[in-house]
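One structure is given below, encoded as structure tokens.
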Amino acid sequence: MPRISRRIGSIAESATLAVDAKAKALKAAGRPVIGFGAGEPDFPTPDYIVEAAVKAAREPRFHRYSPAAGLPELKSAIAAKTMRDSGYAIDASQVLVTNGGKQAVYNTFATLLDPGDEVLLPTPYWTTYPESIRLAGGVPVEVFAGPEQGYLVTVEQLEAAMTERTKVLLFVSPSNPTGAVYAPGAVAEIGRWAAEKGLWVVTDEIYEHLTYDGVPFTSIATAAPELGDRVVVLNGVAKTYAMTGWRVGWMAGPADVIKAATNLQSHSTSNVANVSQMAALAAVSGPLDAVREMHTAFDRRRRAMVSALGSIEGIECPVPQGAFYVYPDVRGILGREIDGVRPSTSAELAALILEKAEVAVVPGEAFGPSGYLRLSYALGDADLAEGVGRIQDLLGRAK
């Protein structure tokens, strides 16, 4: 009998975390590696949030178990924050606080899917989505939208990919990895289509505060009220408040789904660490001044990175309107000789960039088809300039 179950043995390692870990290991070994792999803000968590955690750590009531679904005060604050930012009205009882956004993704698909159920997965996608779908017994159905259409899928594409086994549409705007943002009209159109087909919509809104150039964030839950109680909203504090290490996310949805997902969490992890929950409470109920400061820096870095990468012959770099990633099309580089090597895939190109330029990027294979790279600009300005400069030097030698 195999030592590892087929279900777990078939899971692919998180490509983004693997690239980040390799970059950090090389740096620890003395290599001057610059990492564009992980989507992790370089800013410290704002002081008022840290102080809330310090205060909570001194309170004995937070040294004990708390409800598996989350502290009541945090659930209420998340409901209020959802109304404030998305215009979507939910009750605190419709919120489950999770150990980071990834657990919210896992809990949701485990709760909604039976073996063989299909999920329409706009592609490029975040690397964790298909693995969570498969773990739940579901089947991810990729719907690819390339740079020619701004990495935005259409209703016609979704219609063509739908079968009698389709149960869920995953909708993400702003997008990781592309930074694409759907216009309000497109969000409403896709939502209405899903409602007409009787589909569930799972929408990940973790980058809601990170849009640029006056482009608005639009929640599909609000834009398409026809969805009724067949929508689940995923979110968390990691990206907006520079709290990736605090591990607080949530899912919000119909009462029966949240109750079932809470039962699952009660047997897996139980409650999220209380100190982290109190830090999240300070974040979601506090001012957005620090968020706006980070947004200004991200916008500056976005423009600098797009300009630099776009100057490299053979690379097309669409301007992302959200999140903190660029997703350049490098198909024009593949097959050309670079320092004696001819990379034929974006994975081979990423390996070459790490070896020759000592810069870590994530290949497109992690998010769908080959031919693309993802670079996060959630790192310091100096490192960004140095890292992109090294890439320019290396790829400028392609012939």
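We name chains A, B, ... following the order of the structure tokens; residues begin at 1 in each chain, and ligands are numbered from 1 as shown.
Residue neighbourhood of Leu375 (chain A), excluding near-sequence residues (fewer than 5 positions): Phe36, Tyr325, Val326 and Val361 of chain A, at 6 Å, using only C-alpha atoms.
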For Asp20 (chain A), list every protein, DNA or RNA residue within 12 Å, evaluated using only C-alpha atoms, and leave out those in the same chain fewer than 4 positions away; present the list as a list in words.
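Once the nearby chain positions are removed, what remains is Ser14, Ala15, Thr16, Lys24, Ala25, Leu26, Lys27, Val33, Ile34, Gly35, Phe36, Gly37, Ala38, Gly39, Glu40, Leu354, Val359, Ala360, Val361, Val362, Leu375 and Ser376 of chain A.
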Would you write out those residues with N, CA, C and O atoms, as a compact mmCIF listing (two decimals), in the first residue's frame?
# COMPACT_ATOMS: atom_id res chain seq x y z
N SER A 14 2.72 24.80 -3.57
CA SER A 14 2.45 26.19 -3.95
C SER A 14 3.66 26.76 -4.67
O SER A 14 4.74 26.91 -4.07
N ALA A 15 3.49 27.07 -5.94
CA ALA A 15 4.62 27.55 -6.74
C ALA A 15 5.14 28.89 -6.24
O ALA A 15 6.34 29.14 -6.24
N THR A 16 4.23 29.76 -5.81
CA THR A 16 4.67 31.09 -5.37
C THR A 16 5.47 30.99 -4.07
O THR A 16 6.50 31.64 -3.92
N LYS A 24 14.73 33.08 -0.62
CA LYS A 24 15.20 33.37 0.74
C LYS A 24 16.35 32.46 1.15
O LYS A 24 17.28 32.88 1.86
N ALA A 25 16.31 31.20 0.72
CA ALA A 25 17.39 30.27 1.04
C ALA A 25 18.69 30.69 0.36
O ALA A 25 19.77 30.66 0.97
N LEU A 26 18.60 31.10 -0.90
CA LEU A 26 19.79 31.55 -1.61
C LEU A 26 20.34 32.83 -0.98
O LEU A 26 21.56 33.00 -0.86
N LYS A 27 19.44 33.70 -0.56
CA LYS A 27 19.88 34.94 0.08
C LYS A 27 20.57 34.65 1.41
O LYS A 27 21.58 35.27 1.75
N VAL A 33 20.20 37.59 -4.04
CA VAL A 33 18.97 37.31 -4.78
C VAL A 33 17.89 38.33 -4.41
O VAL A 33 17.69 38.67 -3.24
N ILE A 34 17.16 38.78 -5.42
CA ILE A 34 16.00 39.65 -5.22
C ILE A 34 14.77 38.85 -5.62
O ILE A 34 14.73 38.26 -6.70
N GLY A 35 13.79 38.80 -4.73
CA GLY A 35 12.62 37.97 -4.96
C GLY A 35 11.39 38.76 -5.36
O GLY A 35 10.95 39.66 -4.63
N PHE A 36 10.83 38.42 -6.53
CA PHE A 36 9.56 38.98 -6.98
C PHE A 36 8.45 37.94 -6.88
O PHE A 36 7.42 38.05 -7.53
N GLY A 37 8.69 36.89 -6.06
CA GLY A 37 7.77 35.76 -6.05
C GLY A 37 6.52 35.94 -5.21
O GLY A 37 5.41 35.82 -5.72
N ALA A 38 6.69 36.21 -3.94
CA ALA A 38 5.53 36.22 -3.03
C ALA A 38 4.79 37.55 -3.09
O ALA A 38 5.40 38.62 -3.22
N GLY A 39 3.45 37.46 -2.99
CA GLY A 39 2.63 38.66 -2.92
C GLY A 39 2.52 39.13 -1.49
O GLY A 39 1.51 38.92 -0.82
N GLU A 40 3.59 39.76 -1.01
CA GLU A 40 3.67 40.12 0.40
C GLU A 40 4.15 41.55 0.55
O GLU A 40 5.29 41.86 0.20
N LEU A 354 16.80 33.28 -12.58
CA LEU A 354 17.30 33.07 -11.21
C LEU A 354 18.78 32.74 -11.22
O LEU A 354 19.56 33.26 -10.41
N VAL A 359 17.53 36.75 -9.77
CA VAL A 359 16.22 37.35 -9.53
C VAL A 359 15.19 36.23 -9.60
O VAL A 359 15.17 35.45 -10.56
N ALA A 360 14.31 36.15 -8.59
CA ALA A 360 13.30 35.11 -8.53
C ALA A 360 11.96 35.64 -9.03
O ALA A 360 11.45 36.63 -8.51
N VAL A 361 11.43 34.99 -10.07
CA VAL A 361 10.11 35.30 -10.61
C VAL A 361 9.32 34.00 -10.69
O VAL A 361 9.89 32.92 -10.63
N VAL A 362 8.01 34.09 -10.85
CA VAL A 362 7.18 32.89 -10.91
C VAL A 362 6.76 32.66 -12.36
O VAL A 362 6.23 33.57 -13.00
N LEU A 375 5.44 38.84 -11.60
CA LEU A 375 6.34 39.56 -10.70
C LEU A 375 5.50 40.41 -9.76
O LEU A 375 4.63 41.16 -10.20
N SER A 376 5.78 40.30 -8.47
CA SER A 376 5.10 41.14 -7.49
C SER A 376 5.89 42.43 -7.31
O SER A 376 7.12 42.41 -7.23
Find the residues of region 259-301 of chain A that sit at most 12 Å from region 216-235 of chain A; for each, write down the nearest two atoms and how far apart they are in Å, to one decimal. Count only C-alpha atoms. Sort by chain, then by number going up, and give it as a Markdown table.
| residue | atom | partner | partner_atom | distance |
| --- | --- | --- | --- | --- |
| A:Ala261 | CA | A:Val232 | CA | 11.5 |
| A:Ala280 | CA | A:Asn235 | CA | 11.9 |
| A:Val284 | CA | A:Asn235 | CA | 11.2 |
Write the residues of the selection above to a file with C-alpha atoms, as a PDB file, in the first residue's frame.
ATOM      1  CA  ALA A 261     -18.121  25.263   6.969  1.00  0.00           C
ATOM      2  CA  ALA A 280      -7.853  41.987  12.614  1.00  0.00           C
ATOM      3  CA  VAL A 284     -11.174  46.259   9.671  1.00  0.00           C
TER       4      VAL A 284
END
Point out the residue among A:Gly322, A:Gly101, A:Pro46, A:Gly137 with the least atom-to-atom distance to Gly116 (chain A), counting only C-alpha atoms.
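Counting only C-alpha atoms, the residue closest to Gly116 (chain A) is A:Gly137.
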Strand (DSSP E) positions in region 155-369 of chain A, given as JSON, numbers by chain
{"A": [166, 167, 168, 169, 170, 171, 172, 200, 201, 202, 203, 204, 231, 232, 233, 234, 235, 236, 249, 250, 251, 252, 325, 326, 359, 360, 362, 363]}
May I ask which of the residues A:Ser173, A:Thr82, A:Thr45, A:Gln392 is the closest one to Trp246 (chain A), counting only C-alpha atoms?
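That would be A:Thr45, the residue with the smallest distance to Trp246 (chain A).
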With distances taken over only C-alpha atoms, which of A:Ala255, A:Leu112, A:Ala238, A:Met243 is nearest to Val95 (chain A)?
A:Ala255
Which neighbours of region 378-389 of chain A fall inside 12 Å, counting only C-alpha atoms, when residues of the same chain fewer than 4 positions from it are skipped, and could you give them as a short mmCIF file (atom, residue, chain, number, x, y, z; two decimals) with all heavy atoms, in the first residue's frame?
data_model
loop_
_atom_site.label_atom_id
_atom_site.label_comp_id
_atom_site.auth_asym_id
_atom_site.auth_seq_id
_atom_site.Cartn_x
_atom_site.Cartn_y
_atom_site.Cartn_z
N PRO A 32 23.08 37.41 -3.61
CA PRO A 32 22.32 38.67 -3.62
C PRO A 32 21.02 38.55 -4.41
O PRO A 32 20.75 39.32 -5.34
CB PRO A 32 23.29 39.65 -4.28
CG PRO A 32 24.06 38.80 -5.23
CD PRO A 32 24.23 37.46 -4.54
N VAL A 33 20.20 37.59 -4.04
CA VAL A 33 18.97 37.31 -4.78
C VAL A 33 17.89 38.33 -4.41
O VAL A 33 17.69 38.67 -3.24
CB VAL A 33 18.47 35.88 -4.49
CG1 VAL A 33 17.08 35.65 -5.09
CG2 VAL A 33 19.46 34.87 -5.05
N ILE A 34 17.16 38.78 -5.42
CA ILE A 34 16.00 39.65 -5.22
C ILE A 34 14.77 38.85 -5.62
O ILE A 34 14.73 38.26 -6.70
CB ILE A 34 16.12 40.93 -6.06
CG1 ILE A 34 17.29 41.78 -5.53
CG2 ILE A 34 14.82 41.73 -6.02
CD1 ILE A 34 17.57 43.01 -6.35
N GLY A 35 13.79 38.80 -4.73
CA GLY A 35 12.62 37.97 -4.96
C GLY A 35 11.39 38.76 -5.36
O GLY A 35 10.95 39.66 -4.63
N PHE A 36 10.83 38.42 -6.53
CA PHE A 36 9.56 38.98 -6.98
C PHE A 36 8.45 37.94 -6.88
O PHE A 36 7.42 38.05 -7.53
CB PHE A 36 9.66 39.44 -8.44
CG PHE A 36 10.52 40.66 -8.65
CD1 PHE A 36 11.78 40.54 -9.24
CD2 PHE A 36 10.08 41.91 -8.28
CE1 PHE A 36 12.57 41.66 -9.44
CE2 PHE A 36 10.86 43.04 -8.49
CZ PHE A 36 12.12 42.91 -9.07
N GLY A 37 8.69 36.89 -6.06
CA GLY A 37 7.77 35.76 -6.05
C GLY A 37 6.52 35.94 -5.21
O GLY A 37 5.41 35.82 -5.72
N ALA A 38 6.69 36.21 -3.94
CA ALA A 38 5.53 36.22 -3.03
C ALA A 38 4.79 37.55 -3.09
O ALA A 38 5.40 38.62 -3.22
CB ALA A 38 5.97 35.95 -1.60
N GLY A 39 3.45 37.46 -2.99
CA GLY A 39 2.63 38.66 -2.92
C GLY A 39 2.52 39.13 -1.49
O GLY A 39 1.51 38.92 -0.82
N GLU A 40 3.59 39.76 -1.01
CA GLU A 40 3.67 40.12 0.40
C GLU A 40 4.15 41.55 0.55
O GLU A 40 5.29 41.86 0.20
CB GLU A 40 4.63 39.17 1.13
CG GLU A 40 4.72 39.40 2.61
CD GLU A 40 5.48 38.29 3.32
OE1 GLU A 40 6.53 37.86 2.80
OE2 GLU A 40 5.03 37.87 4.40
N PRO A 41 3.29 42.45 1.03
CA PRO A 41 3.72 43.85 1.20
C PRO A 41 4.97 43.95 2.06
O PRO A 41 5.12 43.23 3.05
CB PRO A 41 2.51 44.49 1.90
CG PRO A 41 1.35 43.64 1.50
CD PRO A 41 1.89 42.25 1.43
N ASP A 42 5.87 44.85 1.68
CA ASP A 42 7.11 45.01 2.43
C ASP A 42 6.94 45.93 3.63
O ASP A 42 7.87 46.13 4.40
CB ASP A 42 8.21 45.56 1.52
CG ASP A 42 7.91 46.98 1.02
OD1 ASP A 42 6.79 47.19 0.52
OD2 ASP A 42 8.78 47.85 1.12
N PHE A 43 5.75 46.48 3.81
CA PHE A 43 5.50 47.40 4.92
C PHE A 43 5.25 46.64 6.22
O PHE A 43 4.71 45.52 6.20
CB PHE A 43 4.28 48.27 4.62
CG PHE A 43 4.41 49.07 3.35
CD1 PHE A 43 3.83 48.62 2.17
CD2 PHE A 43 5.13 50.25 3.33
CE1 PHE A 43 3.94 49.34 1.00
CE2 PHE A 43 5.26 50.98 2.15
CZ PHE A 43 4.67 50.52 0.99
N PRO A 44 5.59 47.23 7.35
CA PRO A 44 5.19 46.62 8.62
C PRO A 44 3.69 46.81 8.84
O PRO A 44 3.09 47.74 8.29
CB PRO A 44 6.00 47.41 9.66
CG PRO A 44 6.21 48.76 9.03
CD PRO A 44 6.37 48.48 7.56
N LEU A 210 -7.05 47.68 -3.71
CA LEU A 210 -5.89 47.91 -4.56
C LEU A 210 -6.30 47.98 -6.03
O LEU A 210 -6.10 47.03 -6.80
CB LEU A 210 -4.84 46.82 -4.33
CG LEU A 210 -4.20 46.82 -2.93
CD1 LEU A 210 -3.28 45.63 -2.76
CD2 LEU A 210 -3.46 48.12 -2.66
N LYS A 239 -3.44 41.36 2.61
CA LYS A 239 -2.89 42.24 1.57
C LYS A 239 -3.15 43.71 1.88
O LYS A 239 -2.27 44.56 1.74
CB LYS A 239 -3.50 41.89 0.21
CG LYS A 239 -3.48 40.41 -0.12
CD LYS A 239 -2.08 39.82 -0.21
CE LYS A 239 -2.14 38.36 -0.64
NZ LYS A 239 -0.81 37.74 -0.79
N THR A 240 -4.37 44.02 2.31
CA THR A 240 -4.75 45.42 2.53
C THR A 240 -3.97 46.05 3.68
O THR A 240 -3.56 47.22 3.60
CB THR A 240 -6.26 45.52 2.83
OG1 THR A 240 -6.99 45.03 1.69
CG2 THR A 240 -6.67 46.96 3.11
N ALA A 242 -1.10 44.74 5.25
CA ALA A 242 0.25 44.20 5.43
C ALA A 242 0.29 43.24 6.62
O ALA A 242 1.11 43.36 7.52
CB ALA A 242 1.27 45.32 5.60
N MET A 294 0.15 52.93 1.57
CA MET A 294 0.70 51.77 0.87
C MET A 294 0.25 51.76 -0.59
O MET A 294 1.03 51.42 -1.49
CB MET A 294 0.27 50.48 1.58
CG MET A 294 0.97 50.25 2.92
SD MET A 294 0.61 48.64 3.67
CE MET A 294 -0.93 49.01 4.53
N HIS A 295 -1.00 52.13 -0.82
CA HIS A 295 -1.53 52.18 -2.18
C HIS A 295 -0.72 53.13 -3.05
O HIS A 295 -0.41 52.82 -4.22
CB HIS A 295 -3.00 52.61 -2.14
CG HIS A 295 -3.66 52.68 -3.47
ND1 HIS A 295 -3.52 53.76 -4.32
CD2 HIS A 295 -4.48 51.81 -4.11
CE1 HIS A 295 -4.21 53.55 -5.42
NE2 HIS A 295 -4.80 52.37 -5.33
N THR A 296 -0.35 54.28 -2.50
CA THR A 296 0.45 55.26 -3.25
C THR A 296 1.78 54.66 -3.66
O THR A 296 2.25 54.82 -4.80
CB THR A 296 0.68 56.52 -2.40
OG1 THR A 296 -0.59 57.13 -2.11
CG2 THR A 296 1.57 57.52 -3.14
N ALA A 297 2.41 53.92 -2.73
CA ALA A 297 3.70 53.29 -3.03
C ALA A 297 3.54 52.19 -4.08
O ALA A 297 4.34 52.07 -5.01
CB ALA A 297 4.31 52.72 -1.76
N PHE A 298 2.49 51.37 -3.94
CA PHE A 298 2.26 50.31 -4.92
C PHE A 298 2.05 50.89 -6.32
O PHE A 298 2.55 50.35 -7.31
CB PHE A 298 1.04 49.48 -4.52
CG PHE A 298 1.24 48.62 -3.30
CD1 PHE A 298 0.19 48.41 -2.41
CD2 PHE A 298 2.46 48.02 -3.03
CE1 PHE A 298 0.36 47.63 -1.29
CE2 PHE A 298 2.64 47.24 -1.91
CZ PHE A 298 1.58 47.04 -1.03
N ASP A 299 1.31 51.97 -6.40
CA ASP A 299 1.03 52.60 -7.69
C ASP A 299 2.33 53.07 -8.33
O ASP A 299 2.56 52.87 -9.54
CB ASP A 299 0.06 53.76 -7.50
CG ASP A 299 -0.42 54.35 -8.82
OD1 ASP A 299 -0.29 53.67 -9.86
OD2 ASP A 299 -0.93 55.48 -8.80
N ARG A 300 3.19 53.69 -7.55
CA ARG A 300 4.47 54.16 -8.07
C ARG A 300 5.32 52.99 -8.59
O ARG A 300 5.89 53.04 -9.68
CB ARG A 300 5.23 54.90 -6.95
CG ARG A 300 6.60 55.42 -7.35
CD ARG A 300 7.27 56.16 -6.21
NE ARG A 300 7.62 55.28 -5.09
CZ ARG A 300 7.03 55.31 -3.89
NH1 ARG A 300 6.06 56.17 -3.65
NH2 ARG A 300 7.42 54.49 -2.93
N ARG A 301 5.35 51.93 -7.82
CA ARG A 301 6.15 50.76 -8.21
C ARG A 301 5.54 50.07 -9.44
O ARG A 301 6.27 49.56 -10.30
CB ARG A 301 6.23 49.78 -7.04
CG ARG A 301 6.93 50.37 -5.83
CD ARG A 301 6.69 49.51 -4.59
NE ARG A 301 7.29 50.11 -3.40
CZ ARG A 301 7.16 49.61 -2.17
NH1 ARG A 301 6.42 48.51 -2.00
NH2 ARG A 301 7.73 50.18 -1.15
N ARG A 302 4.23 50.05 -9.51
CA ARG A 302 3.54 49.47 -10.66
C ARG A 302 3.98 50.14 -11.95
O ARG A 302 4.35 49.47 -12.94
CB ARG A 302 2.03 49.63 -10.47
CG ARG A 302 1.16 49.21 -11.65
CD ARG A 302 -0.30 49.53 -11.37
NE ARG A 302 -0.58 50.96 -11.37
CZ ARG A 302 -1.31 51.58 -12.28
NH1 ARG A 302 -1.85 50.90 -13.28
NH2 ARG A 302 -1.53 52.88 -12.20
N ARG A 303 3.94 51.46 -11.96
CA ARG A 303 4.29 52.20 -13.17
C ARG A 303 5.76 52.01 -13.54
O ARG A 303 6.11 51.87 -14.71
CB ARG A 303 3.94 53.68 -12.99
CG ARG A 303 2.44 53.93 -13.00
CD ARG A 303 2.06 55.39 -12.85
NE ARG A 303 2.02 55.81 -11.45
CZ ARG A 303 2.89 56.61 -10.88
NH1 ARG A 303 3.90 57.09 -11.58
NH2 ARG A 303 2.78 56.95 -9.61
N ALA A 304 6.62 51.97 -12.51
CA ALA A 304 8.06 51.79 -12.77
C ALA A 304 8.34 50.40 -13.37
O ALA A 304 9.12 50.27 -14.32
CB ALA A 304 8.85 51.97 -11.48
N MET A 305 7.69 49.38 -12.83
CA MET A 305 7.94 48.03 -13.31
C MET A 305 7.41 47.83 -14.72
O MET A 305 8.07 47.23 -15.57
CB MET A 305 7.33 47.00 -12.35
CG MET A 305 7.58 45.56 -12.78
SD MET A 305 6.97 44.35 -11.57
CE MET A 305 8.29 44.38 -10.36
N VAL A 306 6.20 48.31 -14.99
CA VAL A 306 5.63 48.17 -16.33
C VAL A 306 6.51 48.87 -17.36
O VAL A 306 6.78 48.33 -18.45
CB VAL A 306 4.19 48.73 -16.37
CG1 VAL A 306 3.71 48.86 -17.80
CG2 VAL A 306 3.25 47.85 -15.57
N SER A 307 6.99 50.04 -17.04
CA SER A 307 7.83 50.80 -17.96
C SER A 307 9.13 50.06 -18.25
O SER A 307 9.56 49.95 -19.41
CB SER A 307 8.14 52.19 -17.38
OG SER A 307 9.04 52.90 -18.21
N ALA A 308 9.75 49.52 -17.21
CA ALA A 308 11.04 48.84 -17.37
C ALA A 308 10.89 47.54 -18.16
O ALA A 308 11.66 47.27 -19.08
CB ALA A 308 11.66 48.58 -16.01
N LEU A 309 9.91 46.73 -17.80
CA LEU A 309 9.73 45.45 -18.49
C LEU A 309 9.27 45.67 -19.93
O LEU A 309 9.67 44.93 -20.83
CB LEU A 309 8.72 44.59 -17.74
CG LEU A 309 9.15 44.06 -16.38
CD1 LEU A 309 8.00 43.30 -15.71
CD2 LEU A 309 10.37 43.16 -16.50
N GLY A 310 8.45 46.67 -20.14
CA GLY A 310 7.95 46.95 -21.48
C GLY A 310 9.03 47.42 -22.44
O GLY A 310 8.84 47.38 -23.66
N SER A 311 10.16 47.85 -21.90
CA SER A 311 11.26 48.31 -22.75
C SER A 311 12.12 47.18 -23.28
O SER A 311 13.00 47.41 -24.12
CB SER A 311 12.15 49.29 -21.96
OG SER A 311 12.89 48.60 -20.96
N ILE A 312 11.88 45.95 -22.81
CA ILE A 312 12.67 44.79 -23.24
C ILE A 312 12.08 44.22 -24.52
O ILE A 312 10.89 43.89 -24.57
CB ILE A 312 12.70 43.71 -22.14
CG1 ILE A 312 13.27 44.27 -20.84
CG2 ILE A 312 13.50 42.50 -22.60
CD1 ILE A 312 13.16 43.33 -19.66
N ALA A 323 -4.45 44.92 -7.69
CA ALA A 323 -3.54 44.05 -6.93
C ALA A 323 -2.13 44.63 -6.92
O ALA A 323 -1.95 45.84 -7.03
CB ALA A 323 -3.56 42.62 -7.50
N PHE A 324 -1.09 43.78 -6.79
CA PHE A 324 0.28 44.29 -6.89
C PHE A 324 1.18 43.31 -7.64
O PHE A 324 2.24 42.91 -7.16
CB PHE A 324 0.88 44.66 -5.52
CG PHE A 324 0.55 43.77 -4.36
CD1 PHE A 324 0.83 42.41 -4.38
CD2 PHE A 324 -0.03 44.30 -3.21
CE1 PHE A 324 0.55 41.60 -3.30
CE2 PHE A 324 -0.32 43.49 -2.12
CZ PHE A 324 -0.03 42.14 -2.17
N TYR A 325 0.71 42.96 -8.84
CA TYR A 325 1.47 42.06 -9.72
C TYR A 325 1.45 42.60 -11.15
O TYR A 325 0.49 43.24 -11.58
CB TYR A 325 0.84 40.66 -9.75
CG TYR A 325 0.57 40.08 -8.39
CD1 TYR A 325 -0.72 40.14 -7.84
CD2 TYR A 325 1.58 39.49 -7.65
CE1 TYR A 325 -0.98 39.61 -6.59
CE2 TYR A 325 1.33 38.97 -6.39
CZ TYR A 325 0.05 39.03 -5.86
OH TYR A 325 -0.21 38.53 -4.62
N VAL A 326 2.52 42.29 -11.89
CA VAL A 326 2.49 42.41 -13.33
C VAL A 326 2.62 41.01 -13.90
O VAL A 326 3.21 40.12 -13.29
CB VAL A 326 3.61 43.32 -13.88
CG1 VAL A 326 3.43 44.75 -13.38
CG2 VAL A 326 4.99 42.80 -13.50
N ILE A 353 16.63 33.14 -15.35
CA ILE A 353 16.70 34.46 -14.71
C ILE A 353 17.22 34.32 -13.28
O ILE A 353 18.02 35.15 -12.81
CB ILE A 353 15.31 35.13 -14.72
CG1 ILE A 353 14.92 35.51 -16.16
CG2 ILE A 353 15.28 36.37 -13.83
CD1 ILE A 353 13.50 36.00 -16.30
N LEU A 354 16.80 33.28 -12.58
CA LEU A 354 17.30 33.07 -11.21
C LEU A 354 18.78 32.74 -11.22
O LEU A 354 19.56 33.26 -10.41
CB LEU A 354 16.51 31.95 -10.54
CG LEU A 354 16.91 31.62 -9.10
CD1 LEU A 354 16.79 32.84 -8.19
CD2 LEU A 354 16.06 30.47 -8.56
N LYS A 356 21.15 33.28 -13.71
CA LYS A 356 22.06 34.26 -14.30
C LYS A 356 21.94 35.66 -13.71
O LYS A 356 22.93 36.37 -13.57
CB LYS A 356 21.80 34.34 -15.81
CG LYS A 356 22.07 33.05 -16.56
CD LYS A 356 23.56 32.75 -16.66
CE LYS A 356 23.82 31.56 -17.57
NZ LYS A 356 25.27 31.27 -17.71
N ALA A 357 20.70 36.06 -13.38
CA ALA A 357 20.48 37.42 -12.87
C ALA A 357 20.26 37.45 -11.36
O ALA A 357 20.20 38.52 -10.77
CB ALA A 357 19.29 38.07 -13.58
N GLU A 358 20.10 36.28 -10.76
CA GLU A 358 19.82 36.15 -9.33
C GLU A 358 18.57 36.94 -8.94
O GLU A 358 18.54 37.68 -7.97
CB GLU A 358 21.03 36.58 -8.50
CG GLU A 358 22.23 35.67 -8.73
CD GLU A 358 23.43 36.00 -7.87
OE1 GLU A 358 23.82 37.19 -7.84
OE2 GLU A 358 23.95 35.09 -7.19
N VAL A 359 17.53 36.75 -9.77
CA VAL A 359 16.22 37.35 -9.53
C VAL A 359 15.19 36.23 -9.60
O VAL A 359 15.17 35.45 -10.56
CB VAL A 359 15.90 38.44 -10.57
CG1 VAL A 359 14.47 38.95 -10.38
CG2 VAL A 359 16.90 39.59 -10.46
N ALA A 360 14.31 36.15 -8.59
CA ALA A 360 13.30 35.11 -8.53
C ALA A 360 11.96 35.64 -9.03
O ALA A 360 11.45 36.63 -8.51
CB ALA A 360 13.15 34.60 -7.10
N VAL A 361 11.43 34.99 -10.07
CA VAL A 361 10.11 35.30 -10.61
C VAL A 361 9.32 34.00 -10.69
O VAL A 361 9.89 32.92 -10.63
CB VAL A 361 10.20 35.97 -12.00
CG1 VAL A 361 10.98 37.28 -11.92
CG2 VAL A 361 10.85 35.02 -13.01
N ASP A 393 19.11 43.66 -18.23
CA ASP A 393 20.45 43.35 -18.71
C ASP A 393 20.53 41.96 -19.31
O ASP A 393 21.11 41.75 -20.38
CB ASP A 393 21.48 43.48 -17.58
CG ASP A 393 21.68 44.92 -17.13
OD1 ASP A 393 21.34 45.84 -17.91
OD2 ASP A 393 22.20 45.14 -16.02
N LEU A 394 19.93 40.99 -18.62
CA LEU A 394 20.00 39.60 -19.08
C LEU A 394 19.20 39.40 -20.36
O LEU A 394 19.73 38.89 -21.37
CB LEU A 394 19.48 38.66 -17.99
CG LEU A 394 19.40 37.17 -18.38
CD1 LEU A 394 20.79 36.62 -18.64
CD2 LEU A 394 18.69 36.37 -17.30
N LEU A 395 17.95 39.80 -20.35
CA LEU A 395 17.10 39.54 -21.51
C LEU A 395 17.44 40.45 -22.68
O LEU A 395 17.08 40.15 -23.82
CB LEU A 395 15.62 39.69 -21.11
CG LEU A 395 15.13 38.74 -20.01
CD1 LEU A 395 13.62 38.84 -19.84
CD2 LEU A 395 15.55 37.30 -20.28
N GLY A 396 18.11 41.55 -22.39
CA GLY A 396 18.57 42.42 -23.47
C GLY A 396 19.62 41.76 -24.33
O GLY A 396 19.92 42.24 -25.43
#
Would you please work out which residue, of A:Arg7, A:Lys75, A:Arg165, A:His63, is nearest to Leu113 (chain A) when using only C-alpha atoms?
A:Arg165
All residues 9 Å or closer to region 263-269 of chain A, only C-alpha atoms, same chain fewer than 3 positions away omitted, as a PyMOL selection string
chain A and resi 67-69+98-99+103+107+110-111+258-260+272
Can I get the selection written as a compact mmCIF listing (two decimals), in the first residue's frame, with N, CA and C atoms?
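Contents of selection_16.txt, freshly written:
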# COMPACT_ATOMS: atom_id res chain seq x y z
N PRO A 67 -15.06 30.74 20.15
CA PRO A 67 -15.92 30.06 19.18
C PRO A 67 -15.19 29.74 17.87
N ALA A 68 -15.44 28.56 17.35
CA ALA A 68 -14.76 28.12 16.13
C ALA A 68 -15.01 29.07 14.96
N ALA A 69 -16.16 29.71 14.92
CA ALA A 69 -16.51 30.59 13.80
C ALA A 69 -15.88 31.98 13.91
N THR A 98 -11.38 32.60 9.38
CA THR A 98 -10.52 31.46 9.03
C THR A 98 -9.05 31.78 9.25
N ASN A 99 -8.26 30.72 9.24
CA ASN A 99 -6.80 30.88 9.38
C ASN A 99 -6.21 31.30 8.03
N GLN A 103 -7.51 29.13 3.99
CA GLN A 103 -8.47 28.24 4.64
C GLN A 103 -9.90 28.60 4.24
N ASN A 107 -12.23 25.79 2.81
CA ASN A 107 -13.52 25.53 3.47
C ASN A 107 -14.69 25.68 2.51
N ALA A 110 -14.78 22.78 -0.06
CA ALA A 110 -15.10 21.54 0.64
C ALA A 110 -16.57 21.50 1.03
N THR A 111 -17.15 22.65 1.30
CA THR A 111 -18.56 22.74 1.70
C THR A 111 -19.50 22.66 0.51
N ILE A 258 -22.33 28.67 5.84
CA ILE A 258 -21.43 29.07 6.92
C ILE A 258 -21.51 28.09 8.09
N LYS A 259 -22.68 27.61 8.41
CA LYS A 259 -22.83 26.63 9.49
C LYS A 259 -22.08 25.35 9.16
N ALA A 260 -22.22 24.88 7.92
CA ALA A 260 -21.54 23.65 7.51
C ALA A 260 -20.02 23.85 7.51
N VAL A 272 -9.38 30.66 15.09
CA VAL A 272 -8.17 31.39 14.75
C VAL A 272 -7.58 31.96 16.04
Residue among A:Glu293, A:Glu337, A:Glu313, A:Glu208 lying closest to Gly179 (chain A), counting only C-alpha atoms:
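Once distances to Gly179 (chain A) are computed over only C-alpha atoms, the minimum belongs to A:Glu208.
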